[in-house]
file entry-v6.csv (CSV, C-alpha atoms)
chain,number,residue,atom,x,y,z
B,1,MET,CA,15.9,5.8,10.4
B,2,ASN,CA,17.0,5.1,13.9
B,3,LYS,CA,18.4,1.5,14.2
B,4,LYS,CA,17.5,1.2,17.9
B,5,TYR,CA,13.8,1.9,17.2
B,6,ASN,CA,13.9,0.0,13.9
B,7,ASP,CA,14.9,-3.1,16.0
B,8,TYR,CA,12.3,-2.3,18.6
B,9,ILE,CA,9.5,-2.3,15.9
B,10,SER,CA,10.9,-5.4,14.2
B,11,GLY,CA,11.0,-7.3,17.4
B,12,LEU,CA,7.6,-6.1,18.7
B,13,GLN,CA,5.5,-9.1,19.9
B,14,LEU,CA,1.7,-9.3,19.3
B,15,LYS,CA,0.9,-9.0,23.1
B,16,ASP,CA,2.9,-5.8,23.3
B,17,PHE,CA,1.2,-4.5,20.1
B,18,GLN,CA,-2.2,-5.3,21.7
B,19,ILE,CA,-1.3,-3.1,24.6
B,20,ILE,CA,-0.5,-0.2,22.3
B,21,LEU,CA,-3.7,-0.8,20.4
B,22,GLU,CA,-5.7,-0.6,23.7
B,23,GLU,CA,-3.9,2.7,24.6
B,24,PHE,CA,-5.1,4.1,21.3
B,25,ASP,CA,-8.6,2.7,21.8
B,26,ILE,CA,-8.4,0.5,18.8
B,27,TYR,CA,-10.1,-2.9,18.9
B,28,LEU,CA,-9.3,-5.5,16.2
B,29,ASP,CA,-9.6,-9.2,16.1
B,30,GLU,CA,-6.4,-11.2,16.5
B,31,GLU,CA,-6.0,-11.9,12.8
B,32,GLN,CA,-6.3,-8.2,11.9
B,33,GLN,CA,-3.8,-7.4,14.7
B,34,THR,CA,-1.3,-9.9,13.4
B,35,LYS,CA,-1.6,-8.6,9.8
B,36,ILE,CA,-1.3,-5.0,10.8
B,37,LEU,CA,1.7,-5.7,13.0
B,38,SER,CA,3.4,-7.6,10.2
B,39,MET,CA,2.6,-4.7,7.8
B,40,ILE,CA,4.2,-2.2,10.3
B,41,GLN,CA,7.3,-4.4,10.8
B,42,ASN,CA,7.8,-5.0,7.1
B,43,ASN,CA,7.1,-1.5,5.8
B,44,GLN,CA,9.0,0.8,8.1
B,45,TYR,CA,10.2,2.9,5.1
B,46,ALA,CA,6.6,3.6,4.1
B,47,LEU,CA,5.8,4.7,7.6
B,48,ILE,CA,8.3,7.6,7.5
B,49,HIS,CA,7.8,8.6,3.9
B,50,GLU,CA,4.4,10.2,3.5
B,51,GLN,CA,4.2,9.6,-0.3
B,52,TYR,CA,3.8,5.8,0.5
B,53,GLN,CA,1.3,6.1,3.4
B,54,PHE,CA,-1.6,5.8,1.0
B,55,VAL,CA,-0.5,2.2,0.3
B,56,LEU,CA,-0.6,1.4,4.1
B,57,GLU,CA,-3.9,3.2,4.4
B,58,ASN,CA,-5.5,1.2,1.6
B,59,TYR,CA,-4.3,-2.1,3.0
B,60,ILE,CA,-5.7,-1.2,6.5
B,61,LYS,CA,-9.0,-0.1,5.0
B,62,LYS,CA,-9.3,-3.5,3.3
B,63,LEU,CA,-8.8,-5.3,6.6
B,64,THR,CA,-11.0,-3.0,8.7
B,65,SER,CA,-13.5,-0.1,8.3
B,66,ASP,CA,-12.8,3.5,7.4
B,67,PHE,CA,-13.3,4.6,11.0
B,68,THR,CA,-10.9,2.0,12.3
B,69,CYS,CA,-8.4,2.7,9.5
B,70,GLN,CA,-8.3,6.4,10.6
B,71,LYS,CA,-7.6,5.3,14.2
B,72,VAL,CA,-4.8,3.0,13.1
B,73,MET,CA,-3.3,5.7,10.9
B,74,LEU,CA,-3.2,8.0,13.9
B,75,LEU,CA,-1.4,5.3,15.8
B,76,LEU,CA,1.1,4.9,12.9
B,77,ASN,CA,1.7,8.7,12.7
B,78,HIS,CA,1.8,9.5,16.4
B,79,TYR,CA,3.5,6.4,17.8
B,80,PHE,CA,5.6,4.5,15.2
B,81,LYS,CA,6.6,7.3,12.8
B,82,PRO,CA,8.2,9.5,15.5
B,83,LEU,CA,10.2,6.5,16.8
B,84,LEU,CA,11.6,6.0,13.3
B,85,ASN,CA,12.3,9.7,12.7
B,86,VAL,CA,14.4,10.1,15.9
call {"tool": "encode", "arguments": {"input": "entry-v6.csv", "output": "structure tokens"}}
result
Amino acid sequence: MNKKYNDYISGLQLKDFQIILEEFDIYLDEEQQTKILSMIQNNQYALIHEQYQFVLENYIKKLTSDFTCQKVMLLLNHYFKPLLNV
């Protein structure tokens, strides 16, 4: 895991996360945004190891819908995961 990007994700503010969500065309209420951002920040190991991604996916499905969950998983796999694998 790249420490520089690990620190970037750990320090990501809600307003910056909201911009990323908009870029991926994901619309969530602020409570969902806060919970998902916290999940990303506190489970970076699970982001890069596919065998744990089902845990993240199940958590997101409970917060949102199946459709939104799939969009968030795309965000995780195409934005956050590559940052951590650098």
call {"tool": "residues_around", "arguments": {"input": "entry-v6.csv", "residues": "Phe80 (chain B)", "least_positions_apart": "5", "cutoff": "8 Å", "atoms": "only C-alpha atoms", "output": "short mmCIF file (atom, residue, chain, number, x, y, z; two decimals) with C-alpha atoms, keeping the file's coordinate frame"}}
result
data_model
loop_
_atom_site.label_atom_id
_atom_site.label_comp_id
_atom_site.auth_asym_id
_atom_site.auth_seq_id
_atom_site.Cartn_x
_atom_site.Cartn_y
_atom_site.Cartn_z
CA ILE B 9 9.50 -2.30 15.90
CA LEU B 47 5.80 4.70 7.60
CA LEU B 75 -1.40 5.30 15.80
#
call {"tool": "residues_near_point", "arguments": {"input": "entry-v6.csv", "point": "(-5.0, -9.1, 12.9)", "cutoff": "12 Å", "atoms": "only C-alpha atoms", "output": "number ranges by chain"}}
result
B: 14-15, 17-18, 21, 26-40, 60, 62-64
call {"tool": "closest_residue", "arguments": {"input": "entry-v6.csv", "among": "B:Glu23, B:Gln53, B:Gln44, B:Gly11", "to": "Leu83 (chain B)", "atoms": "all atoms listed in the file"}}
result
B:Gln44
call {"tool": "residues_around", "arguments": {"input": "entry-v6.csv", "residues": "Asn77 (chain B)", "least_positions_apart": "3", "cutoff": "12 Å", "atoms": "only C-alpha atoms", "output": "list in words"}}
result
Phe24, Ile40, Gln44, Ala46, Leu47, Ile48, His49, Glu50, Gln53, Leu56, Glu57, Gln70, Lys71, Val72, Met73, Leu74, Phe80, Lys81, Pro82, Leu83, Leu84 and Asn85 of chain B
call {"tool": "atom_distance", "arguments": {"input": "entry-v6.csv", "atom1": "CA of Leu76 (chain B)", "atom2": "CA of Gln13 (chain B)"}}
result
16.3 Å
call {"tool": "atom_distance", "arguments": {"input": "entry-v6.csv", "atom1": "CA of Lys61 (chain B)", "atom2": "CA of Tyr8 (chain B)"}}
result
25.4 Å
call {"tool": "closest_residue", "arguments": {"input": "entry-v6.csv", "among": "B:Asn58, B:Asp66, B:His78, B:Ser10", "to": "Asn42 (chain B)", "atoms": "only C-alpha atoms"}}
result
B:Ser10
call {"tool": "atom_distance", "arguments": {"input": "entry-v6.csv", "atom1": "CA of Asn6 (chain B)", "atom2": "CA of Ile19 (chain B)"}}
result
18.8 Å
